[in-house]
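Visitor: So here's entry_37.cif, just mmCIF, C-alpha atoms:
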data_entry
#
loop_
_atom_site.label_atom_id
_atom_site.label_comp_id
_atom_site.auth_asym_id
_atom_site.auth_seq_id
_atom_site.Cartn_x
_atom_site.Cartn_y
_atom_site.Cartn_z
CA MET A 1 0.00 0.00 0.00
CA ASP A 2 1.41 3.41 -1.02
CA ARG A 3 1.95 5.93 1.70
CA PRO A 4 -0.02 9.16 1.36
CA ARG A 5 2.09 11.93 -0.11
CA LYS A 6 3.19 14.62 2.27
CA PRO A 7 1.70 18.04 1.56
CA THR A 8 4.07 20.53 0.00
CA LEU A 9 4.29 24.25 -0.56
CA ASP A 10 2.51 23.71 -3.89
CA THR A 11 -0.28 21.79 -2.17
CA VAL A 12 -0.99 24.72 0.12
CA ALA A 13 -0.72 27.23 -2.74
CA GLY A 14 -3.29 25.30 -4.76
CA ALA A 15 -5.69 25.01 -1.83
CA VAL A 16 -5.53 28.74 -1.04
CA GLY A 17 -5.45 29.87 -4.65
CA VAL A 18 -2.22 31.84 -4.44
CA SER A 19 1.28 31.45 -5.85
CA ARG A 20 3.99 29.26 -4.36
CA ALA A 21 6.01 32.39 -3.60
CA THR A 22 3.13 33.85 -1.59
CA VAL A 23 2.96 30.75 0.61
CA SER A 24 6.73 30.91 1.06
CA ASN A 25 6.45 34.56 2.14
CA ALA A 26 3.90 33.58 4.79
CA TYR A 27 6.69 31.69 6.55
CA ASN A 28 9.85 33.53 5.57
CA ARG A 29 8.79 37.13 4.85
CA PRO A 30 5.50 37.73 6.70
CA ASP A 31 5.84 41.50 6.33
CA GLN A 32 5.16 41.05 2.60
CA LEU A 33 1.57 39.86 3.23
CA SER A 34 -1.51 41.25 4.89
CA ALA A 35 -2.28 39.74 8.29
CA ALA A 36 -5.54 38.27 6.99
CA LEU A 37 -3.93 36.53 4.01
CA ARG A 38 -1.09 35.14 6.09
CA GLU A 39 -3.53 33.79 8.68
CA ARG A 40 -5.58 32.11 5.92
CA ILE A 41 -2.48 30.48 4.47
CA LEU A 42 -1.27 29.20 7.85
CA GLU A 43 -4.73 27.85 8.76
CA THR A 44 -4.99 26.04 5.43
CA ALA A 45 -1.47 24.63 5.85
CA ALA A 46 -2.33 23.34 9.32
CA SER A 47 -5.52 21.68 8.06
CA LEU A 48 -3.50 19.92 5.34
CA GLY A 49 -0.81 18.81 7.77
CA TYR A 50 1.90 21.02 6.24
CA ALA A 51 4.41 22.11 8.91
CA GLY A 52 6.33 24.67 6.87
CA PRO A 53 9.37 24.74 4.57
CA ASP A 54 11.92 21.97 5.05
CA PRO A 55 14.89 23.61 6.83
CA VAL A 56 17.35 21.19 5.22
CA ALA A 57 16.07 21.99 1.72
CA ARG A 58 16.13 25.69 2.52
CA SER A 59 19.75 25.51 3.72
CA LEU A 60 20.73 23.69 0.51
CA ALA A 61 19.06 26.35 -1.59
CA THR A 62 20.46 29.33 0.31
CA ARG A 63 23.76 27.73 1.39
CA HIS A 64 23.02 29.03 4.89
CA SER A 65 21.90 26.99 7.88
CA ALA A 66 20.85 29.86 10.17
CA ALA A 67 22.85 28.07 12.90
CA VAL A 68 25.54 29.20 15.32
CA GLY A 69 27.99 26.48 16.30
CA PHE A 70 29.18 26.46 19.93
CA MET A 71 32.49 24.65 20.40
CA LEU A 72 33.11 23.32 23.89
CA GLY A 73 36.42 22.27 25.35
CA GLN A 74 34.98 19.27 27.21
CA GLY A 75 32.16 16.76 26.91
CA LEU A 76 28.60 17.78 27.68
CA SER A 77 28.44 16.29 31.19
CA ALA A 78 31.63 18.03 32.32
CA SER A 79 30.65 21.26 30.58
CA PHE A 80 27.18 21.50 32.10
CA ALA A 81 28.56 20.76 35.56
CA ASP A 82 30.29 24.16 35.22
CA ALA A 83 27.78 26.74 36.43
CA ALA A 84 29.73 29.62 34.87
CA LEU A 85 29.57 28.01 31.43
CA SER A 86 25.83 27.39 31.79
CA ILE A 87 25.19 31.08 32.44
CA VAL A 88 27.35 32.15 29.48
CA LEU A 89 25.58 29.64 27.24
CA ASP A 90 22.16 30.88 28.34
CA GLY A 91 23.11 34.46 27.46
CA LEU A 92 24.38 33.35 24.06
CA ALA A 93 21.37 31.14 23.29
CA SER A 94 18.81 33.81 24.19
CA THR A 95 20.57 36.30 21.92
CA VAL A 96 20.82 34.15 18.79
CA ASP A 97 17.37 32.61 19.31
CA GLY A 98 15.86 36.08 19.39
CA HIS A 99 17.08 36.51 15.80
CA ASP A 100 15.69 33.16 14.58
CA HIS A 101 19.02 31.36 14.67
CA CYS A 102 19.50 28.00 16.34
CA LEU A 103 22.47 26.87 18.41
CA VAL A 104 24.46 23.74 17.51
CA LEU A 105 26.51 22.31 20.39
CA MET A 106 29.84 20.70 19.51
CA PRO A 107 31.21 18.99 22.64
CA GLY A 108 34.93 18.54 23.08
CA ARG A 109 37.25 15.91 24.44
CA ASP A 110 39.71 16.30 27.30
CA ARG A 111 39.58 20.10 27.14
CA GLY A 112 41.02 20.00 23.61
CA GLY A 113 37.81 21.00 21.86
CA PRO A 114 35.64 19.16 19.33
CA ARG A 115 37.11 16.76 16.78
CA PRO A 116 38.03 18.54 13.53
CA GLU A 117 35.78 16.12 11.65
CA THR A 118 32.82 17.30 13.70
CA VAL A 119 33.53 20.93 12.84
CA ALA A 120 34.09 20.09 9.17
CA ARG A 121 30.59 18.63 8.75
CA ALA A 122 28.61 20.75 11.23
CA GLN A 123 25.75 22.75 9.73
CA ALA A 124 26.72 26.17 11.04
CA ASP A 125 27.42 29.55 9.45
CA VAL A 126 29.53 30.90 12.32
CA VAL A 127 31.21 29.27 15.33
CA VAL A 128 31.69 30.46 18.89
CA ALA A 129 34.72 28.89 20.58
CA TYR A 130 34.50 28.72 24.37
CA SER A 131 37.80 28.49 26.26
CA LEU A 132 39.72 26.29 23.84
CA PRO A 133 43.48 25.74 24.01
CA ASP A 134 45.78 27.81 21.83
CA ASP A 135 46.43 24.99 19.35
CA ALA A 136 42.93 23.43 19.21
CA PRO A 137 42.54 21.50 15.90
CA ALA A 138 38.84 22.47 15.90
CA LEU A 139 39.78 26.09 15.29
CA THR A 140 42.00 25.10 12.38
CA ALA A 141 39.07 23.16 10.90
CA ALA A 142 36.70 26.12 11.31
CA ARG A 143 39.11 28.50 9.61
CA ALA A 144 39.75 25.98 6.81
CA ARG A 145 36.00 26.11 6.07
CA GLY A 146 36.11 29.88 6.04
CA LEU A 147 33.69 30.11 8.96
CA PRO A 148 33.65 33.36 10.95
CA VAL A 149 34.87 32.72 14.50
CA VAL A 150 33.93 34.33 17.81
CA VAL A 151 36.21 33.47 20.73
CA VAL A 152 34.97 33.56 24.30
CA ASP A 153 37.92 33.98 26.69
CA GLN A 154 40.58 32.07 24.74
CA PRO A 155 42.60 31.59 22.61
CA VAL A 156 43.81 34.89 21.20
CA LEU A 157 43.65 34.59 17.40
CA PRO A 158 44.10 37.15 14.62
CA ASP A 159 41.07 38.24 12.61
CA THR A 160 38.52 36.82 15.05
CA ALA A 161 35.92 38.51 17.20
CA ARG A 162 36.61 38.01 20.90
CA VAL A 163 34.93 38.71 24.23
CA GLU A 164 36.79 38.24 27.51
CA VAL A 165 37.09 39.59 31.02
CA ASP A 166 40.02 41.11 32.88
CA ASP A 167 41.25 37.81 34.35
CA LEU A 168 44.66 39.18 35.27
CA GLY A 169 43.23 42.24 37.02
CA GLY A 170 40.57 40.22 38.80
CA ALA A 171 43.11 37.76 40.18
CA ARG A 172 45.34 40.59 41.38
CA LEU A 173 42.34 42.17 43.05
CA ALA A 174 41.58 38.96 44.95
CA ALA A 175 45.16 38.34 46.03
CA THR A 176 45.72 41.96 47.01
CA SER A 177 42.67 41.92 49.29
CA LEU A 178 44.08 38.95 51.19
CA TRP A 179 47.59 40.40 51.32
CA ALA A 180 46.25 43.71 52.64
CA SER A 181 44.43 41.89 55.44
CA GLY A 182 47.68 40.32 56.62
CA HIS A 183 47.95 36.94 54.85
CA ARG A 184 51.46 35.85 53.83
CA ARG A 185 51.13 32.06 53.38
CA PHE A 186 49.10 31.19 50.27
CA GLY A 187 48.14 28.25 48.14
CA VAL A 188 46.61 28.38 44.64
CA VAL A 189 44.14 25.86 43.23
CA THR A 190 43.89 26.24 39.46
CA PHE A 191 42.20 24.51 36.57
CA ALA A 192 44.13 23.03 33.63
CA LEU A 193 47.34 24.54 32.33
CA HIS A 194 47.35 22.04 29.44
CA PRO A 195 44.68 19.66 28.06
CA ASP A 196 46.55 16.55 29.23
CA GLY A 197 44.46 15.60 32.28
CA HIS A 198 47.13 16.45 34.84
CA ASN A 199 46.20 16.64 38.53
CA GLY A 200 48.95 17.59 40.94
CA PRO A 201 51.52 20.16 41.96
CA VAL A 202 52.75 22.53 39.27
CA SER A 203 56.45 22.77 38.47
CA PRO A 204 58.04 26.05 37.36
CA GLU A 205 58.62 24.50 33.92
CA ARG A 206 54.95 23.59 33.52
CA LEU A 207 53.90 27.00 34.78
CA ALA A 208 56.12 28.73 32.22
CA SER A 209 54.18 27.36 29.25
CA THR A 210 50.40 27.09 29.42
CA SER A 211 47.89 26.30 26.66
CA PHE A 212 45.10 28.40 28.17
CA ARG A 213 45.17 32.19 28.40
CA VAL A 214 42.63 32.35 31.23
CA THR A 215 44.66 29.96 33.38
CA ARG A 216 47.82 31.89 32.61
CA ASP A 217 46.33 35.29 33.43
CA ARG A 218 44.64 34.22 36.65
CA LEU A 219 47.78 32.46 37.88
CA HIS A 220 49.98 35.42 37.03
CA GLY A 221 47.56 37.74 38.79
CA TYR A 222 47.71 35.65 41.96
CA LEU A 223 51.48 35.08 41.90
CA ASP A 224 52.28 38.71 41.06
CA VAL A 225 50.98 39.52 44.53
CA THR A 226 51.84 36.43 46.59
CA GLY A 227 55.23 35.65 45.03
CA PRO A 228 56.53 33.00 42.59
CA GLU A 229 57.28 30.56 45.41
CA THR A 230 53.56 30.14 46.19
CA PRO A 231 52.58 26.45 45.79
CA VAL A 232 50.14 25.81 42.93
CA TRP A 233 47.96 22.70 42.53
CA GLU A 234 46.55 21.98 39.08
CA CYS A 235 43.18 20.30 38.51
CA ALA A 236 42.40 18.74 35.13
CA ARG A 237 39.07 20.55 35.06
CA SER A 238 37.01 22.94 37.16
CA SER A 239 35.19 20.55 39.51
CA ARG A 240 34.41 20.49 43.22
CA GLU A 241 35.92 17.07 43.82
CA LEU A 242 39.20 17.97 42.15
CA GLY A 243 39.28 21.28 43.99
CA ARG A 244 38.68 19.43 47.23
CA ALA A 245 41.58 17.06 46.58
CA GLY A 246 43.89 19.89 45.55
CA ALA A 247 43.06 22.02 48.56
CA ARG A 248 43.61 19.10 50.93
CA ALA A 249 47.06 18.55 49.45
CA LEU A 250 48.00 22.22 49.81
CA LEU A 251 46.65 22.41 53.38
CA SER A 252 48.69 19.36 54.39
CA ALA A 253 51.94 21.29 53.91
CA THR A 254 53.96 22.71 56.77
CA PRO A 255 53.63 25.57 57.38
CA ARG A 256 49.99 25.44 56.34
CA PRO A 257 48.65 28.18 54.05
CA THR A 258 46.33 30.65 55.75
CA ALA A 259 44.58 31.47 52.46
CA LEU A 260 43.62 29.59 49.29
CA LEU A 261 43.18 31.41 45.99
CA CYS A 262 41.01 29.38 43.60
CA ALA A 263 40.75 29.93 39.85
CA SER A 264 36.98 29.28 39.85
CA ASP A 265 34.07 29.11 42.25
CA GLU A 266 33.67 25.38 41.57
CA LEU A 267 37.22 24.76 42.76
CA ALA A 268 36.60 27.05 45.74
CA PHE A 269 33.49 25.08 46.76
CA GLY A 270 35.70 22.01 46.87
CA ALA A 271 38.26 23.92 48.91
CA LEU A 272 35.62 24.86 51.49
CA GLN A 273 34.86 21.16 51.94
CA ALA A 274 38.57 20.30 52.16
CA VAL A 275 39.00 22.73 55.06
CA ARG A 276 36.17 20.98 56.91
CA ASP A 277 37.65 17.57 56.08
CA LEU A 278 40.80 18.54 57.96
CA GLY A 279 38.90 19.77 61.01
CA LEU A 280 39.65 23.40 60.23
CA ARG A 281 37.34 26.42 59.94
CA VAL A 282 36.67 28.98 57.24
CA PRO A 283 37.71 31.77 57.66
CA ALA A 284 39.11 31.41 61.21
CA ASP A 285 41.86 28.99 60.12
CA VAL A 286 41.85 29.33 56.32
CA SER A 287 40.44 32.01 54.04
CA VAL A 288 39.09 30.84 50.68
CA ILE A 289 38.45 32.99 47.63
CA GLY A 290 36.96 32.07 44.24
CA PHE A 291 36.48 33.51 40.77
CA ASP A 292 33.21 33.87 38.76
CA ASP A 293 30.48 34.66 41.33
CA VAL A 294 28.03 31.98 40.20
CA PRO A 295 24.67 32.02 42.03
CA ALA A 296 25.74 29.28 44.45
CA ALA A 297 28.61 31.44 45.77
CA GLU A 298 26.23 33.62 47.77
CA HIS A 299 24.65 30.56 49.39
CA ALA A 300 27.81 28.57 50.15
CA ASP A 301 28.75 27.68 53.73
CA PRO A 302 30.13 30.21 54.48
CA PRO A 303 29.15 32.58 51.64
CA LEU A 304 32.09 32.74 49.25
CA THR A 305 34.26 35.78 48.63
CA THR A 306 34.91 35.81 44.90
CA VAL A 307 35.73 37.83 41.81
CA ARG A 308 32.54 38.62 39.92
CA GLN A 309 32.60 38.45 36.15
CA PRO A 310 29.49 39.36 34.10
CA LEU A 311 28.78 35.84 32.81
CA ALA A 312 25.39 36.44 31.18
CA GLU A 313 26.67 39.64 29.57
CA LYS A 314 29.65 37.73 28.20
CA GLY A 315 27.28 35.28 26.52
CA ARG A 316 25.11 38.07 25.12
CA HIS A 317 28.14 39.87 23.70
CA ALA A 318 29.31 36.65 22.05
CA GLY A 319 25.87 36.21 20.49
CA GLU A 320 25.82 39.78 19.22
CA LEU A 321 29.28 39.35 17.71
CA ALA A 322 28.20 36.13 15.99
CA LEU A 323 25.16 37.87 14.49
CA ARG A 324 27.32 40.76 13.33
CA LEU A 325 29.70 38.40 11.54
CA LEU A 326 26.74 36.61 9.94
CA ASP A 327 25.62 39.95 8.53
CA GLY A 328 29.05 40.47 6.96
CA GLY A 329 30.45 42.69 9.70
CA ARG A 330 34.10 42.84 10.73
CA PRO A 331 35.41 41.28 13.96
CA GLY A 332 36.46 44.63 15.42
CA GLU A 333 38.52 45.13 18.56
CA PRO A 334 38.21 42.54 21.37
CA THR A 335 35.50 43.25 23.94
CA ARG A 336 36.91 43.19 27.48
CA LEU A 337 34.38 43.21 30.31
CA PRO A 338 35.23 44.48 33.82
CA VAL A 339 35.36 42.41 36.99
CA SER A 340 34.87 43.28 40.66
CA LEU A 341 35.59 41.74 44.05
CA VAL A 342 32.62 40.56 46.09
CA SER A 343 33.58 40.25 49.76
CA ARG A 344 31.66 37.68 51.83
CA ASP A 345 32.29 35.54 54.88
CA SER A 346 34.90 33.08 53.55
CA THR A 347 37.79 35.52 54.04
CA ALA A 348 39.18 37.25 57.13
CA PRO A 349 42.53 38.42 58.49
CA PRO A 350 44.79 35.58 59.69
CA LYS A 351 45.00 34.80 63.38
#
Just give me the structure as structure tokens.
Guide:
Amino acid sequence: MDRPRKPTLDTVAGAVGVSRATVSNAYNRPDQLSAALRERILETAASLGYAGPDPVARSLATRHSAAVGFMLGQGLSASFADAALSIVLDGLASTVDGHDHCLVLMPGRDRGGPRPETVARAQADVVVAYSLPDDAPALTAARARGLPVVVVDQPVLPDTARVEVDDLGGARLAATSLWASGHRRFGVVTFALHPDGHNGPVSPERLASTSFRVTRDRLHGYLDVTGPETPVWECARSSRELGRAGARALLSATPRPTALLCASDELAFGALQAVRDLGLRVPADVSVIGFDDVPAAEHADPPLTTVRQPLAEKGRHAGELALRLLDGGRPGEPTRLPVSLVSRDSTAPPK
């Protein structure tokens, strides 16, 4: 038995008694029709079971997919466990969706970004790269296709639009606040310097060459104030459990640090737990400071002192830059957003 044929644009045009182009305008250029005619076309289409133009066929005809690709450094589960990323992504998605563009997620592997093959076949007209390493093959693949690129945070590439925050200044602000209150023994818990999955203490050689600008700037900001001899523990990714393990290792040293500077709030939440694991108190025995100011920071136990970056605004700016490139605009100068220190109860002068 033959299946019934699916209704087409021509089917609707014949039923309404208008041209094929008029039906197409009802979906793609509604301002070209009167409200009454458009409503009649859409009602007839619905009664016939016609859902609208095939987006795949339309992309083949126009050579545009109306999609923004979002390249992640890690897999989806690790990425969405990062509250800061979720807020940035929400700001980006709401911006591009408001202009009838969809978002295509391209998850990465081991912080190295998506596979080049994924980027090569993705239906996207522009890509937004979120915190990829300097030599990510995914970026090479995007540029080989001639796709416009928007970079969020890192890496720094020529002829690309970029939005970032003052990571170096924010880290200095955090470290200076602790130094001014009397702290002299510090430990730093950072996320990855390289996409190789390393967890452990950081050697001077490893510190001298990092694949991630954000890591480099935040570390330099901390160490510019506390001194190059400050012990640094690297976590393969920004997670509470890895931050907890790193903080415990730093706090087991003699003499024990009186303050921990963490490269993200997620790492700082782990550090708060590590202090409790060792029978110590925050901030009476150890001060803890984070970076990001995600919503959970205000409700941590105790509420977390942290560097606030405008996460949602960062996502919105990235979306606006992507739309500008889609319209043929130039990348322009990088957009750098300001940061500020939010003082809460996780920091205090040392005893």
Visitor: Give me, as JSON lines, each residue of range 206-269 of chain A that comes within 9 Å of range 286-303 of chain A, together with its shortest interatomic pair and the distance in Å at one decimal, counting all atoms listed in the file, with rows ordered by chain and rising residue number.
Guide:
{"residue": "A:Leu251", "atom": "CA", "partner": "A:Val286", "partner_atom": "CA", "distance": 8.9}
{"residue": "A:Pro257", "atom": "CA", "partner": "A:Val286", "partner_atom": "CA", "distance": 7.3}
{"residue": "A:Thr258", "atom": "CA", "partner": "A:Val286", "partner_atom": "CA", "distance": 4.7}
{"residue": "A:Ala259", "atom": "CA", "partner": "A:Ser287", "partner_atom": "CA", "distance": 4.5}
{"residue": "A:Leu260", "atom": "CA", "partner": "A:Val288", "partner_atom": "CA", "distance": 4.9}
{"residue": "A:Leu261", "atom": "CA", "partner": "A:Ile289", "partner_atom": "CA", "distance": 5.2}
{"residue": "A:Cys262", "atom": "CA", "partner": "A:Gly290", "partner_atom": "CA", "distance": 4.9}
{"residue": "A:Ala263", "atom": "CA", "partner": "A:Phe291", "partner_atom": "CA", "distance": 5.6}
{"residue": "A:Ser264", "atom": "CA", "partner": "A:Phe291", "partner_atom": "CA", "distance": 4.4}
{"residue": "A:Asp265", "atom": "CA", "partner": "A:Gly290", "partner_atom": "CA", "distance": 4.6}
{"residue": "A:Glu266", "atom": "CA", "partner": "A:Gly290", "partner_atom": "CA", "distance": 7.9}
{"residue": "A:Leu267", "atom": "CA", "partner": "A:Gly290", "partner_atom": "CA", "distance": 7.5}
{"residue": "A:Ala268", "atom": "CA", "partner": "A:Gly290", "partner_atom": "CA", "distance": 5.3}
{"residue": "A:Phe269", "atom": "CA", "partner": "A:Ala300", "partner_atom": "CA", "distance": 7.5}
Visitor: Could you check which of A:Ser94, A:Thr210, A:Ser252, A:Ser340 is closest to Ala318 in chain A, using all atoms listed in the file?
Guide: A:Ser94
Visitor: For Ala78 in chain A, which of A:Asp217, A:Ser238, A:Trp233, A:Arg29 is the closest residue, counting all atoms listed in the file?
Guide: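 Among A:Asp217, A:Ser238, A:Trp233, A:Arg29, it is A:Ser238 that comes nearest to Ala78 in chain A.
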Visitor: With distances taken over only C-alpha atoms, which of A:Val225, A:Val12, A:Ala142, A:Ala348 is nearest to Gly182 in chain A?
Guide: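 Once distances to Gly182 in chain A are computed over only C-alpha atoms, the minimum belongs to A:Ala348.
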Visitor: Rank nothing, just name the residue among A:Pro148, A:Pro204, A:Pro133, A:Pro349 nearest to Leu321 in chain A, using all atoms listed in the file.
Guide: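 Of the candidates, the smallest distance to Leu321 in chain A is held by A:Pro148.
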Visitor: Which residues match the PyMOL selection byres ((chain A and resi 149) around 7) in the file above, as a ChimeraX atom specification?
Guide: /A:126-128,147-148,150-151,160-161
Visitor: Let me know the residues the PyMOL selection byres ((chain A and resi 314) around 9) catches in the file above, as a VMD selection string.
Guide: chain A and resid 88 91 to 92 152 163 to 165 309 to 313 315 to 319 337
Visitor: I'd like the contact shell of Cys235 in chain A - 7 Å cut-off, all atoms listed in the file, skipping same-chain residues fewer than 3 positions apart - returned as a list of chain:residue names.
Guide: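 In the requested format, the answer is A:Thr190, A:Phe191, A:Ala192, A:His198, A:Asn199, A:Gly200, A:Ser238, A:Leu242, A:Gly243.
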Visitor: I would like the residues chosen by the PyMOL selection byres ((chain A and resi 113-122) around 8) on the shown file; could you give them as a ChimeraX atom specification?
Guide: /A:69,71-74,106-112,123-124,132-133,136-142,145
Visitor: CA of Ala171 in chain A and CA of His220 in chain A, how far apart in Å?
Guide: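 That distance, rounded to one decimal, is 7.9 Å.
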Visitor: Mind giving me the straight-line distance from CA of Val18 in chain A to CA of Leu37 in chain A in Å, one decimal?
Guide: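 Distance reported for this atom pair: 9.8 Å.
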Visitor: Work out how far apart CA of Asp166 in chain A and CA of Leu85 in chain A are and give it in Å to one decimal.
Guide: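 The value is 16.8 Å.
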Visitor: Residues within 7 Å of range 244-248 of chain A, please, as a VMD selection string. Count all atoms listed in the file; anything in the same chain fewer than 4 positions from it doesn't count.
Guide: chain A and resid 189 233 240 252 270 to 271 273 to 274
Visitor: Excluding Leu341 in chain A and its own-chain neighbours fewer than 3 positions away, which residues fall within 9 Å of it when counting only C-alpha atoms? Please give them as a PyMOL selection string.
Guide: chain A and resi 170+173-174+177+291+305-308
Visitor: With C-alpha atoms kept, could you save the residues just selected as a JSON list (two decimals), keeping the file's coordinate frame?
Guide:
[["chain", "number", "residue", "atom", "x", "y", "z"],
["A", 170, "GLY", "CA", 40.57, 40.22, 38.80],
["A", 173, "LEU", "CA", 42.34, 42.17, 43.05],
["A", 174, "ALA", "CA", 41.58, 38.96, 44.95],
["A", 177, "SER", "CA", 42.67, 41.92, 49.29],
["A", 291, "PHE", "CA", 36.48, 33.51, 40.77],
["A", 305, "THR", "CA", 34.26, 35.78, 48.63],
["A", 306, "THR", "CA", 34.91, 35.81, 44.90],
["A", 307, "VAL", "CA", 35.73, 37.83, 41.81],
["A", 308, "ARG", "CA", 32.54, 38.62, 39.92]]
Visitor: Between A:Gly187, A:Pro228, A:Gly75, A:Gly332, which one has atoms that come closest to Ala249 in chain A, using all atoms listed in the file?
Guide: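 That would be A:Gly187, the residue with the smallest distance to Ala249 in chain A.
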Visitor: Please determine, counting all atoms listed in the file, which residue among A:Leu48, A:Leu168, A:Arg276, A:Val214 has the shortest atom-to-atom distance to Tyr130 in chain A.
Guide: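 Once distances to Tyr130 in chain A are computed over all atoms listed in the file, the minimum belongs to A:Val214.
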